[in-house]
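Novice: What follows is entry.cif, made up of mmCIF, C-alpha atoms:
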```cif
data_final
loop_
_atom_site.label_atom_id
_atom_site.label_comp_id
_atom_site.auth_asym_id
_atom_site.auth_seq_id
_atom_site.Cartn_x
_atom_site.Cartn_y
_atom_site.Cartn_z
CA MET J 1057 114.13 127.88 82.99
CA PRO J 1058 113.28 131.62 83.37
CA THR J 1059 110.90 132.29 86.26
CA ARG J 1060 109.05 135.15 87.93
CA LEU J 1061 108.38 135.37 91.69
CA ILE J 1062 104.66 135.70 92.42
CA GLU J 1063 103.00 135.91 95.84
CA ALA J 1064 101.06 132.72 96.63
CA LEU J 1065 97.82 134.52 97.55
CA ARG J 1066 97.96 136.41 94.25
CA VAL J 1067 98.33 133.16 92.30
CA GLN J 1068 95.38 131.65 94.14
CA GLU J 1069 93.23 134.76 93.66
CA VAL J 1070 93.83 134.98 89.92
CA CYS J 1071 93.27 131.25 89.42
CA SER J 1072 89.96 131.51 91.27
CA ARG J 1073 88.86 134.55 89.24
CA ILE J 1074 89.66 132.75 85.98
CA LEU J 1075 87.63 129.70 87.05
CA GLN J 1076 84.72 131.84 88.19
CA HIS J 1077 84.77 133.54 84.79
CA ALA J 1078 84.34 130.03 83.33
CA ALA J 1079 81.11 129.60 85.37
CA ILE J 1080 82.60 127.71 88.34
CA PRO J 1081 80.81 128.74 91.58
CA PRO J 1082 83.06 130.92 93.81
CA ALA J 1083 83.52 128.41 96.66
CA ASP J 1084 84.41 125.64 94.20
CA ALA J 1085 86.72 127.94 92.23
CA ASN J 1086 88.51 128.88 95.46
CA PHE J 1087 89.05 125.21 96.34
CA VAL J 1088 90.47 124.31 92.91
CA ALA J 1089 92.67 127.42 92.98
CA LEU J 1090 93.91 126.39 96.43
CA SER J 1091 94.89 122.93 95.17
CA LEU J 1092 96.83 124.40 92.23
CA THR J 1093 98.59 126.95 94.41
CA GLU J 1094 99.50 124.29 96.98
CA ALA J 1095 101.14 122.26 94.22
CA ASP J 1096 103.16 125.31 93.13
CA LEU J 1097 104.14 126.04 96.74
CA ARG J 1098 105.51 122.50 97.09
CA GLY J 1099 107.38 122.73 93.80
CA ILE J 1100 105.06 120.36 91.93
CA HIS J 1101 104.59 122.81 89.07
CA SER J 1102 103.48 120.08 86.67
CA HIS J 1103 100.22 119.98 88.67
CA GLY J 1104 100.06 123.63 89.70
CA SER J 1105 98.72 126.78 88.08
CA MET J 1106 100.14 125.79 84.69
CA ARG J 1107 97.22 123.35 84.51
CA LEU J 1108 94.72 126.22 84.43
CA GLY J 1109 95.20 126.59 80.69
CA ARG J 1110 93.93 123.05 80.19
CA TYR J 1111 91.08 123.49 82.67
CA ALA J 1112 89.93 126.75 81.02
CA ARG J 1113 90.03 125.17 77.56
CA GLU J 1114 88.06 122.10 78.65
CA LEU J 1115 85.45 124.30 80.34
CA ARG J 1116 85.21 126.54 77.27
CA GLU J 1117 84.83 123.57 74.91
CA GLY J 1118 82.23 121.84 77.08
CA ILE J 1119 84.52 118.92 77.97
CA THR J 1120 84.21 119.81 81.68
CA ASN J 1121 80.89 120.40 83.41
CA PRO J 1122 81.04 123.61 85.52
CA SER J 1123 78.03 122.57 87.66
CA PRO J 1124 78.30 118.80 88.20
CA GLN J 1125 75.93 116.73 90.31
CA ILE J 1126 78.56 114.63 92.08
CA ARG J 1127 76.93 111.61 93.73
CA SER J 1128 77.40 108.07 95.01
CA VAL J 1129 76.06 105.47 92.59
CA GLU J 1130 77.05 102.44 94.69
CA GLU J 1131 77.92 102.35 98.37
CA GLY J 1132 78.10 100.29 101.52
CA PRO J 1133 79.54 100.67 105.03
CA ALA J 1134 83.15 100.66 103.81
CA PHE J 1135 83.03 101.46 100.09
CA ALA J 1136 81.51 103.82 97.54
CA ARG J 1137 81.66 104.54 93.83
CA ILE J 1138 81.32 108.20 92.95
CA ASP J 1139 80.05 109.60 89.65
CA GLY J 1140 81.80 112.92 89.02
CA ASP J 1141 79.36 114.02 86.29
CA GLY J 1142 82.19 115.53 84.26
CA GLY J 1143 83.20 117.99 86.99
CA LEU J 1144 86.63 119.38 87.75
CA GLY J 1145 88.73 116.61 89.26
CA GLN J 1146 89.52 118.55 92.44
CA LEU J 1147 85.81 118.84 93.23
CA VAL J 1148 85.25 115.14 92.53
CA GLY J 1149 88.34 114.25 94.57
CA ARG J 1150 87.20 116.38 97.52
CA HIS J 1151 83.78 114.74 97.54
CA ALA J 1152 85.23 111.23 97.20
CA MET J 1153 87.82 111.66 99.95
CA GLN J 1154 85.25 113.21 102.29
CA VAL J 1155 83.03 110.17 101.76
CA CYS J 1156 86.05 107.91 102.26
CA ILE J 1157 87.04 109.62 105.52
CA ALA J 1158 83.50 109.42 106.92
CA LYS J 1159 83.23 105.72 106.11
CA ALA J 1160 86.70 104.96 107.52
CA ARG J 1161 85.66 106.62 110.77
CA GLN J 1162 82.76 104.19 111.04
CA ALA J 1163 84.25 101.02 109.55
CA GLY J 1164 87.96 101.40 110.34
CA SER J 1165 88.94 101.61 106.68
CA ALA J 1166 87.19 102.50 103.45
CA THR J 1167 87.75 102.39 99.70
CA VAL J 1168 86.17 104.81 97.23
CA THR J 1169 86.49 105.01 93.46
CA ALA J 1170 85.41 107.87 91.21
CA CYS J 1171 84.45 107.82 87.54
CA ARG J 1172 83.59 110.47 84.93
CA SER J 1173 85.97 112.94 86.55
CA ARG J 1174 88.63 115.26 85.12
CA HIS J 1175 92.31 115.94 85.93
CA PHE J 1176 92.48 116.31 89.72
CA GLY J 1177 95.89 117.87 90.22
CA ALA J 1178 98.41 116.51 92.71
CA ALA J 1179 97.40 113.19 94.30
CA GLY J 1180 99.06 114.10 97.59
CA PHE J 1181 96.61 116.96 98.11
CA PHE J 1182 93.84 114.43 98.80
CA ALA J 1183 96.00 112.06 100.83
CA LEU J 1184 96.72 115.00 103.14
CA MET J 1185 92.97 115.48 103.65
CA ALA J 1186 92.95 112.09 105.41
CA LEU J 1187 96.13 112.86 107.37
CA GLU J 1188 94.52 116.02 108.74
CA GLN J 1189 91.87 113.72 110.28
CA ASP J 1190 94.55 111.42 111.77
CA LEU J 1191 93.89 108.80 109.10
CA ILE J 1192 96.27 107.16 106.65
CA GLY J 1193 95.31 108.39 103.19
CA LEU J 1194 95.98 106.69 99.86
CA THR J 1195 95.12 108.17 96.46
CA MET J 1196 95.69 107.20 92.83
CA THR J 1197 94.48 108.40 89.45
CA VAL J 1198 94.80 107.38 85.82
CA ALA J 1199 96.21 109.70 83.16
CA SER J 1200 96.47 109.83 79.40
CA PRO J 1201 98.79 107.13 77.97
CA ARG J 1202 102.45 108.17 78.17
CA LEU J 1203 104.28 104.98 79.19
CA ALA J 1204 104.99 101.96 77.01
CA PRO J 1205 105.14 98.43 78.45
CA THR J 1206 108.65 97.08 78.99
CA GLY J 1207 110.04 96.11 75.59
CA GLY J 1208 107.33 98.06 73.74
CA THR J 1209 107.23 101.44 72.01
CA LEU J 1210 103.51 102.34 72.03
CA PRO J 1211 102.23 104.47 74.96
CA LEU J 1212 99.46 102.37 76.50
CA PHE J 1213 99.55 103.44 80.17
CA GLY J 1214 99.36 106.78 81.89
CA ASN J 1215 102.05 108.38 84.02
CA ASN J 1216 99.76 107.31 86.84
CA PRO J 1217 100.53 108.75 90.30
CA LEU J 1218 100.31 107.21 93.75
CA ALA J 1219 100.25 109.15 97.04
CA MET J 1220 100.13 108.07 100.68
CA ALA J 1221 100.08 110.30 103.76
CA VAL J 1222 100.69 108.95 107.27
CA PRO J 1223 99.94 110.81 110.53
CA GLY J 1224 102.83 111.14 112.94
CA ASN J 1225 104.31 113.58 115.41
CA GLY J 1226 107.22 114.74 113.26
CA GLU J 1227 107.90 118.30 112.16
CA TYR J 1228 106.63 117.66 108.65
CA PRO J 1229 103.86 115.42 107.26
CA LEU J 1230 105.06 112.04 105.99
CA LEU J 1231 103.84 112.12 102.40
CA VAL J 1232 104.86 109.83 99.55
CA ASP J 1233 103.66 111.29 96.24
CA PHE J 1234 105.12 110.21 92.91
CA ALA J 1235 104.15 109.28 89.39
CA THR J 1236 105.25 106.04 87.75
CA GLY J 1237 107.25 107.76 85.03
CA SER J 1238 110.75 109.25 85.22
CA ILE J 1239 109.38 112.74 84.50
CA ALA J 1240 105.95 114.34 84.76
CA ALA J 1241 104.10 115.06 81.52
CA GLY J 1242 103.53 118.57 82.83
CA ASN J 1243 107.29 119.04 83.12
CA LEU J 1244 107.64 117.99 79.48
CA GLU J 1245 105.04 120.61 78.59
CA LEU J 1246 106.84 123.26 80.66
CA ALA J 1247 110.17 122.39 79.03
CA ALA J 1248 108.61 122.49 75.56
CA ALA J 1249 106.96 125.85 76.24
CA ASN J 1250 110.26 127.32 77.45
CA ASP J 1251 112.54 125.61 74.86
CA THR J 1252 114.46 123.79 77.59
CA PRO J 1253 115.97 120.32 77.05
CA ILE J 1254 114.99 117.50 79.40
CA PRO J 1255 117.47 115.26 81.26
CA PRO J 1256 118.74 112.19 79.40
CA GLY J 1257 117.19 108.84 80.21
CA VAL J 1258 113.66 110.01 81.02
CA ALA J 1259 111.93 109.84 77.63
CA ARG J 1260 112.00 108.09 74.25
CA ASP J 1261 110.63 108.73 70.79
CA LEU J 1262 108.02 106.44 69.23
CA GLU J 1263 110.76 104.15 67.89
CA GLY J 1264 112.11 103.65 71.41
CA ASN J 1265 115.19 105.86 70.99
CA PRO J 1266 116.30 108.10 73.89
CA THR J 1267 115.60 111.84 73.49
CA THR J 1268 116.28 115.06 75.38
CA ASP J 1269 113.87 117.08 73.20
CA PRO J 1270 110.63 117.64 75.18
CA LYS J 1271 108.60 118.10 72.00
CA VAL J 1272 109.73 114.72 70.73
CA ALA J 1273 109.08 113.21 74.16
CA LEU J 1274 105.51 114.56 74.19
CA GLN J 1275 104.88 112.62 71.00
CA GLY J 1276 106.78 109.58 72.25
CA THR J 1277 106.91 107.89 75.66
CA ILE J 1278 108.11 108.54 79.20
CA VAL J 1279 110.50 105.95 80.67
CA PRO J 1280 108.88 104.19 83.68
CA ILE J 1281 110.68 104.48 87.01
CA ALA J 1282 112.85 101.37 87.51
CA GLU J 1283 111.74 100.24 84.04
CA HIS J 1284 109.67 97.02 84.44
CA LYS J 1285 108.81 97.82 88.07
CA GLY J 1286 107.33 101.19 87.16
CA TYR J 1287 105.49 99.55 84.28
CA GLY J 1288 103.99 97.01 86.69
CA LEU J 1289 103.00 99.72 89.15
CA THR J 1290 101.30 101.92 86.55
CA LEU J 1291 99.38 98.87 85.29
CA LEU J 1292 98.17 98.20 88.85
CA ILE J 1293 97.02 101.82 89.26
CA GLU J 1294 95.16 101.55 85.94
CA VAL J 1295 93.29 98.55 87.36
CA LEU J 1296 92.39 100.19 90.70
CA ALA J 1297 91.74 103.80 89.60
CA GLY J 1298 90.58 103.12 86.04
CA LEU J 1299 89.00 99.72 85.50
CA LEU J 1300 87.58 99.30 89.01
CA GLY J 1301 85.98 102.73 89.04
CA GLY J 1302 84.62 102.58 85.51
CA SER J 1303 86.77 105.23 83.81
CA PRO J 1304 89.89 103.53 82.43
CA TYR J 1305 92.38 105.42 80.28
CA PHE J 1306 94.28 102.42 78.92
CA GLY J 1307 95.45 102.59 75.32
CA VAL J 1308 93.66 105.80 74.29
CA GLU J 1309 95.47 107.45 71.39
CA LYS J 1310 96.60 111.07 71.80
CA LYS J 1311 94.19 112.30 69.14
CA GLN J 1312 91.33 110.59 71.04
CA VAL J 1313 92.08 112.10 74.47
CA ASP J 1314 89.52 114.95 74.42
CA ALA J 1315 86.75 112.68 73.10
CA HIS J 1316 87.62 110.02 75.67
CA VAL J 1317 87.62 112.48 78.59
CA SER J 1318 84.32 113.94 77.39
CA ASP J 1319 82.71 110.51 77.12
CA LYS J 1320 84.32 108.29 79.78
CA GLY J 1321 86.14 110.78 81.98
CA ILE J 1322 89.04 110.04 84.31
CA GLY J 1323 89.04 107.51 87.16
CA HIS J 1324 90.42 107.96 90.69
CA PHE J 1325 90.98 105.67 93.70
CA PHE J 1326 90.90 106.67 97.38
CA MET J 1327 91.49 104.75 100.58
CA ALA J 1328 91.49 105.83 104.22
CA ILE J 1329 92.64 103.73 107.19
CA ASP J 1330 92.05 104.57 110.84
CA PRO J 1331 95.24 103.56 112.69
CA SER J 1332 93.46 103.87 116.04
CA ARG J 1333 91.61 100.63 115.19
CA PHE J 1334 94.95 98.81 115.33
CA MET J 1335 96.63 100.55 118.27
CA PRO J 1336 96.13 103.70 120.36
CA LEU J 1337 96.61 106.69 118.07
CA PRO J 1338 99.30 108.37 120.23
CA LEU J 1339 101.36 105.17 120.17
CA PHE J 1340 101.05 104.92 116.39
CA LYS J 1341 102.06 108.55 115.84
CA GLU J 1342 104.97 108.13 118.24
CA ALA J 1343 106.13 105.02 116.36
CA VAL J 1344 105.99 106.91 113.06
CA GLY J 1345 107.91 109.78 114.65
CA GLN J 1346 110.59 107.39 115.93
CA MET J 1347 110.93 105.83 112.50
CA VAL J 1348 111.37 109.29 110.98
CA ALA J 1349 113.95 110.31 113.61
CA ARG J 1350 115.91 107.06 113.26
CA THR J 1351 115.93 107.41 109.48
CA LYS J 1352 117.18 111.01 109.59
CA SER J 1353 119.93 110.19 112.09
CA SER J 1354 121.18 107.12 110.21
CA PRO J 1355 124.69 107.17 108.64
CA ARG J 1356 125.01 109.32 105.52
CA MET J 1357 126.92 108.71 102.33
CA PRO J 1358 129.97 110.89 101.62
CA GLY J 1359 128.80 114.30 100.42
CA ALA J 1360 125.23 113.88 101.67
CA ALA J 1361 124.35 116.85 103.87
CA GLU J 1362 121.12 115.38 105.19
CA ILE J 1363 118.73 112.44 104.88
CA LEU J 1364 115.26 113.61 103.91
CA LEU J 1365 111.92 111.85 104.42
CA PRO J 1366 109.27 111.72 101.68
CA GLY J 1367 107.41 115.04 101.62
CA GLU J 1368 109.96 116.88 103.77
CA LEU J 1369 111.62 118.82 100.97
CA GLU J 1370 108.23 119.87 99.60
CA ALA J 1371 107.01 120.98 103.04
CA ARG J 1372 110.13 123.09 103.57
CA ARG J 1373 109.80 124.57 100.11
CA ARG J 1374 106.18 125.47 100.89
CA GLN J 1375 107.22 127.42 103.99
CA GLU J 1376 109.91 129.29 102.05
CA ARG J 1377 107.57 130.18 99.20
CA LEU J 1378 104.82 131.38 101.50
CA ARG J 1379 107.35 133.93 102.73
CA GLY J 1380 109.17 134.78 99.52
CA GLY J 1381 106.81 133.97 96.67
CA ILE J 1382 106.44 131.21 94.07
CA PRO J 1383 108.89 131.07 91.14
CA LEU J 1384 106.56 130.45 88.21
CA ALA J 1385 107.83 129.69 84.72
CA VAL J 1386 107.53 132.65 82.38
CA SER J 1387 105.26 130.59 80.11
CA THR J 1388 102.89 129.96 83.04
CA VAL J 1389 102.88 133.65 84.01
CA GLU J 1390 102.04 134.68 80.45
CA MET J 1391 99.24 132.10 80.27
CA LEU J 1392 97.75 133.38 83.54
CA ARG J 1393 98.06 136.97 82.35
CA LYS J 1394 96.21 136.15 79.14
CA LEU J 1395 93.41 134.31 80.92
CA GLY J 1396 93.30 136.98 83.62
CA ARG J 1397 92.84 139.78 81.11
CA GLU J 1398 89.81 137.98 79.70
CA CYS J 1399 88.05 138.21 83.07
CA GLY J 1400 89.44 141.51 84.32
CA ALA J 1401 91.91 139.95 86.75
CA GLU J 1402 95.25 141.57 85.92
CA PHE J 1403 98.24 139.44 86.85
#
```
Could you show the structure in this file as structure tokens?

Specialist:
Amino acid sequence: MPTRLIEALRVQEVCSRILQHAAIPPADANFVALSLTEADLRGIHSHGSMRLGRYARELREGITNPSPQIRSVEEGPAFARIDGDGGLGQLVGRHAMQVCIAKARQAGSATVTACRSRHFGAAGFFALMALEQDLIGLTMTVASPRLAPTGGTLPLFGNNPLAMAVPGNGEYPLLVDFATGSIAAGNLELAAANDTPIPPGVARDLEGNPTTDPKVALQGTIVPIAEHKGYGLTLLIEVLAGLLGGSPYFGVEKKQVDAHVSDKGIGHFFMAIDPSRFMPLPLFKEAVGQMVARTKSSPRMPGAAEILLPGELEARRRQERLRGGIPLAVSTVEMLRKLGRECGAEF
């Protein structure tokens, strides 16, 4: 896929300017732009700056509220339910995880759901917010239906992601962050925009036949990871992040997505756990570090140069791209240029 190298700070600046042009307050625009740039830095382009086209369209069409009144509608010592008031998902996610962290500090652990939100980017971004406070962070969100149940052909469940970050004393954060499908919907969109085929075995058409055409896959279904196991996991996330919070996405048809998001919004799930309630924090972080070290030093298969921990490759990639720039797909660069010209931010 053809790419262009762009400096990370430039990507973040232009994303922020575009959002401010769409009536997002500067501090909020900067935060959303940061989340998108962080995804690009880690190589998660499906949730990076390419998403700005969708965000700008939803703001322009009134699907997203640029000035939401994000608030708790139900809460107790160790739980809360947040109403996102149609705001950008990153702003709702920030508020929800901040509430979750504060309650976990007091209660030892806390669970927070959010409803009436919008697409919130990479789930790991919010799990890392908890890790930075020496808490275990867990995040989930629902997404538009892309996965069919095992044996079925109709997309009923989203490519719902799950992320968990664990504090330790290793060189890189321990971060598990993956969706329940074999490929991200954003990667299908990138491939379609750049006329690039997708790998075999990751998508099917609406009759259940395998396809390597991203345009066919966008109209069909994504294959769940490990088939029935991924199907079970995405169903569980739909329960926790969708049904429990009050903004499910189950079974919405593609033509109904905008109306559904406008009316019901998108649901998220957050959890924070204070490991110091179970053992002294230094001992816990040392134990995590030992687990990481033992894993990395374990015997390797023939041809394997190194054993990586979850999040390690992305953290290394982030360091490299901060120095050398982010390789953005040409289609993403052109989209940012077009939106930038509209607000006087040349890209």

Novice: Identify the residues around (107.8, 116.1, 110.2) within a radius of 8 Å, measuring from all atoms listed in the file in the coordinates stated by the file, and give them as an mmCIF file with C-alpha atoms, in the coordinates of the input.

Specialist:
```
data_model
loop_
_atom_site.group_PDB
_atom_site.id
_atom_site.type_symbol
_atom_site.label_atom_id
_atom_site.label_comp_id
_atom_site.auth_asym_id
_atom_site.auth_seq_id
_atom_site.Cartn_x
_atom_site.Cartn_y
_atom_site.Cartn_z
ATOM 1 C CA GLY J 1224 102.830 111.140 112.940
ATOM 2 C CA ASN J 1225 104.310 113.580 115.410
ATOM 3 C CA GLY J 1226 107.220 114.740 113.260
ATOM 4 C CA GLU J 1227 107.900 118.300 112.160
ATOM 5 C CA TYR J 1228 106.630 117.660 108.650
ATOM 6 C CA PRO J 1229 103.860 115.420 107.260
ATOM 7 C CA LEU J 1230 105.060 112.040 105.990
ATOM 8 C CA GLY J 1345 107.910 109.780 114.650
ATOM 9 C CA VAL J 1348 111.370 109.290 110.980
ATOM 10 C CA GLU J 1368 109.960 116.880 103.770
#
```

Novice: Could you give me, as an NGL selection string, the residues that have an atom at most 7 Å away from the point (84.8, 129.3, 88.4) in the coordinates of the file, using all atoms listed in the file?

Specialist: :J and (1072-1082 or 1084-1085)

Novice: Might you spell out which residues the PyMOL selection byres ((chain J and resi 1087) around 12) would select in the displayed file, as a PyMOL selection string?

Specialist: chain J and resi 1068-1069+1071-1073+1075-1076+1080-1086+1088-1094+1144-1151+1176-1177+1181

Novice: Let me have the centre and edge lengths of the axis-aligned box enclosing all listed atoms of stretch 1219-1235 of chain J with 4 Å padding on every side, in Å to one decimal, as lines of an AutoDock Vina configuration file.

Specialist:
```
center_x = 103.9
center_y = 113.2
center_z = 102.4
size_x = 16.0
size_y = 18.2
size_z = 34.0
```

Novice: Report as a PyMOL selection string all protein, DNA and RNA residues lying within 12 Å of J:Arg1110, evaluated on all atoms listed in the file, omitting residues in the same chain fewer than 4 positions from it.

Specialist: chain J and resi 1075+1102-1106+1114-1117+1119-1120+1144+1174-1177+1242+1245+1314+1388+1391-1392+1395

Novice: Kindly give the distance, in Å, that separates atom CA of J:Thr1209 and atom CA of J:Pro1266, rounded to a single decimal.

Specialist: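 Computed distance, atom CA of J:Thr1209 to atom CA of J:Pro1266, equals 11.4 Å.
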
Novice: For the interface of stretch 1265-1370 of chain J with stretch 1183-1202 of chain J (cut-off 12 Å, counting only C-alpha atoms), please tabulate each contacting residue of stretch 1265-1370 of chain J alongside its nearest pair of atoms and their separation in Å to one decimal, rows sorted by chain and increasing number, as a Markdown table.

Specialist:
```
| residue | atom | partner | partner_atom | distance |
| --- | --- | --- | --- | --- |
| J:Ala1273 | CA | J:Arg1202 | CA | 9.2 |
| J:Leu1274 | CA | J:Arg1202 | CA | 8.1 |
| J:Gln1275 | CA | J:Arg1202 | CA | 8.8 |
| J:Gly1276 | CA | J:Arg1202 | CA | 7.5 |
| J:Thr1277 | CA | J:Arg1202 | CA | 5.1 |
| J:Ile1278 | CA | J:Arg1202 | CA | 5.8 |
| J:Val1279 | CA | J:Arg1202 | CA | 8.7 |
| J:Pro1280 | CA | J:Arg1202 | CA | 9.4 |
| J:Tyr1287 | CA | J:Arg1202 | CA | 11.0 |
| J:Leu1289 | CA | J:Met1196 | CA | 11.1 |
| J:Thr1290 | CA | J:Val1198 | CA | 8.5 |
| J:Leu1291 | CA | J:Val1198 | CA | 9.7 |
| J:Leu1292 | CA | J:Met1196 | CA | 10.1 |
| J:Ile1293 | CA | J:Met1196 | CA | 6.6 |
| J:Glu1294 | CA | J:Val1198 | CA | 5.8 |
| J:Val1295 | CA | J:Val1198 | CA | 9.1 |
| J:Leu1296 | CA | J:Met1196 | CA | 8.0 |
| J:Ala1297 | CA | J:Thr1197 | CA | 5.4 |
| J:Gly1298 | CA | J:Val1198 | CA | 6.0 |
| J:Leu1299 | CA | J:Val1198 | CA | 9.6 |
| J:Leu1300 | CA | J:Val1198 | CA | 11.3 |
| J:Gly1301 | CA | J:Thr1197 | CA | 10.2 |
| J:Gly1302 | CA | J:Val1198 | CA | 11.3 |
| J:Ser1303 | CA | J:Val1198 | CA | 8.6 |
| J:Pro1304 | CA | J:Val1198 | CA | 7.1 |
| J:Tyr1305 | CA | J:Ser1200 | CA | 6.1 |
| J:Phe1306 | CA | J:Pro1201 | CA | 6.6 |
| J:Gly1307 | CA | J:Pro1201 | CA | 6.2 |
| J:Val1308 | CA | J:Pro1201 | CA | 6.5 |
| J:Glu1309 | CA | J:Pro1201 | CA | 7.4 |
| J:Lys1310 | CA | J:Pro1201 | CA | 7.6 |
| J:Lys1311 | CA | J:Ser1200 | CA | 10.8 |
| J:Gln1312 | CA | J:Ser1200 | CA | 9.8 |
| J:Val1313 | CA | J:Ser1200 | CA | 7.0 |
| J:Asp1314 | CA | J:Ser1200 | CA | 10.0 |
| J:Ala1315 | CA | J:Ser1200 | CA | 11.9 |
| J:His1316 | CA | J:Ser1200 | CA | 9.6 |
| J:Val1317 | CA | J:Ser1200 | CA | 9.3 |
| J:Gly1321 | CA | J:Val1198 | CA | 10.1 |
| J:Ile1322 | CA | J:Val1198 | CA | 6.5 |
| J:Gly1323 | CA | J:Val1198 | CA | 5.9 |
| J:His1324 | CA | J:Thr1197 | CA | 4.3 |
| J:Phe1325 | CA | J:Met1196 | CA | 5.0 |
| J:Phe1326 | CA | J:Thr1195 | CA | 4.6 |
| J:Met1327 | CA | J:Leu1194 | CA | 4.9 |
| J:Ala1328 | CA | J:Gly1193 | CA | 4.7 |
| J:Ile1329 | CA | J:Ile1192 | CA | 5.0 |
| J:Asp1330 | CA | J:Leu1191 | CA | 4.9 |
| J:Pro1331 | CA | J:Leu1191 | CA | 6.5 |
| J:Ser1332 | CA | J:Leu1191 | CA | 8.5 |
| J:Arg1333 | CA | J:Leu1191 | CA | 10.4 |
| J:Phe1334 | CA | J:Leu1191 | CA | 11.8 |
| J:Pro1336 | CA | J:Asp1190 | CA | 11.7 |
| J:Leu1337 | CA | J:Asp1190 | CA | 8.1 |
| J:Pro1338 | CA | J:Asp1190 | CA | 10.2 |
| J:Phe1340 | CA | J:Asp1190 | CA | 10.3 |
| J:Lys1341 | CA | J:Asp1190 | CA | 9.0 |
| J:Val1344 | CA | J:Ile1192 | CA | 11.6 |
| J:Gly1367 | CA | J:Leu1184 | CA | 10.8 |
```

Novice: Of the candidates J:Ile1281, J:Glu1390, J:Leu1365, J:Pro1256, which one gets nearest to J:Asn1216 if we count only C-alpha atoms?

Specialist: J:Ile1281

Novice: Translate the PyMOL selection byres ((chain J and resi 1375) around 12), as applied to the file shown, into an explicit residue set as a list in words.

Specialist: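 Selection result, ordered by chain and number: Ala1064, Glu1094, Asp1096, Leu1097, Arg1098, Gly1099, Tyr1228, Glu1368, Leu1369, Glu1370, Ala1371, Arg1372, Arg1373, Arg1374, Glu1376, Arg1377, Leu1378, Arg1379, Gly1380, Gly1381 and Ile1382 of chain J.
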
Novice: What does the structure give for the distance between atom CA of J:Leu1339 and atom CA of J:Gly1164, in Å to one decimal?

Specialist: 17.0 Å

Novice: To verify the selection step, state as a list in words which residues the PyMOL selection byres ((chain J and resi 1271) around 10) yields on this input.

Specialist: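 Checked against the file, the PyMOL selection byres ((chain J and resi 1271) around 10) matches Leu1244, Glu1245, Ala1247, Ala1248, Ala1249, Asp1251, Thr1252, Pro1253, Ile1254, Asp1261, Thr1267, Thr1268, Asp1269, Pro1270, Val1272, Ala1273, Leu1274, Gln1275 and Gly1276 of chain J.
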
Novice: Kindly indicate which residue among J:Met1153, J:Leu1203, J:Ile1126, J:Ala1178 lies nearest to J:Leu1218, using all atoms listed in the file for the distances.

Specialist: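 Among the listed residues, the smallest separation from J:Leu1218 belongs to J:Ala1178.
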
Novice: Which residues come within 8 Å of J:Asn1250, counting all atoms listed in the file, excluding same-chain residues fewer than 4 positions away, as a VMD selection string?

Specialist: chain J and resid 1057 to 1058 1246 1386 to 1387
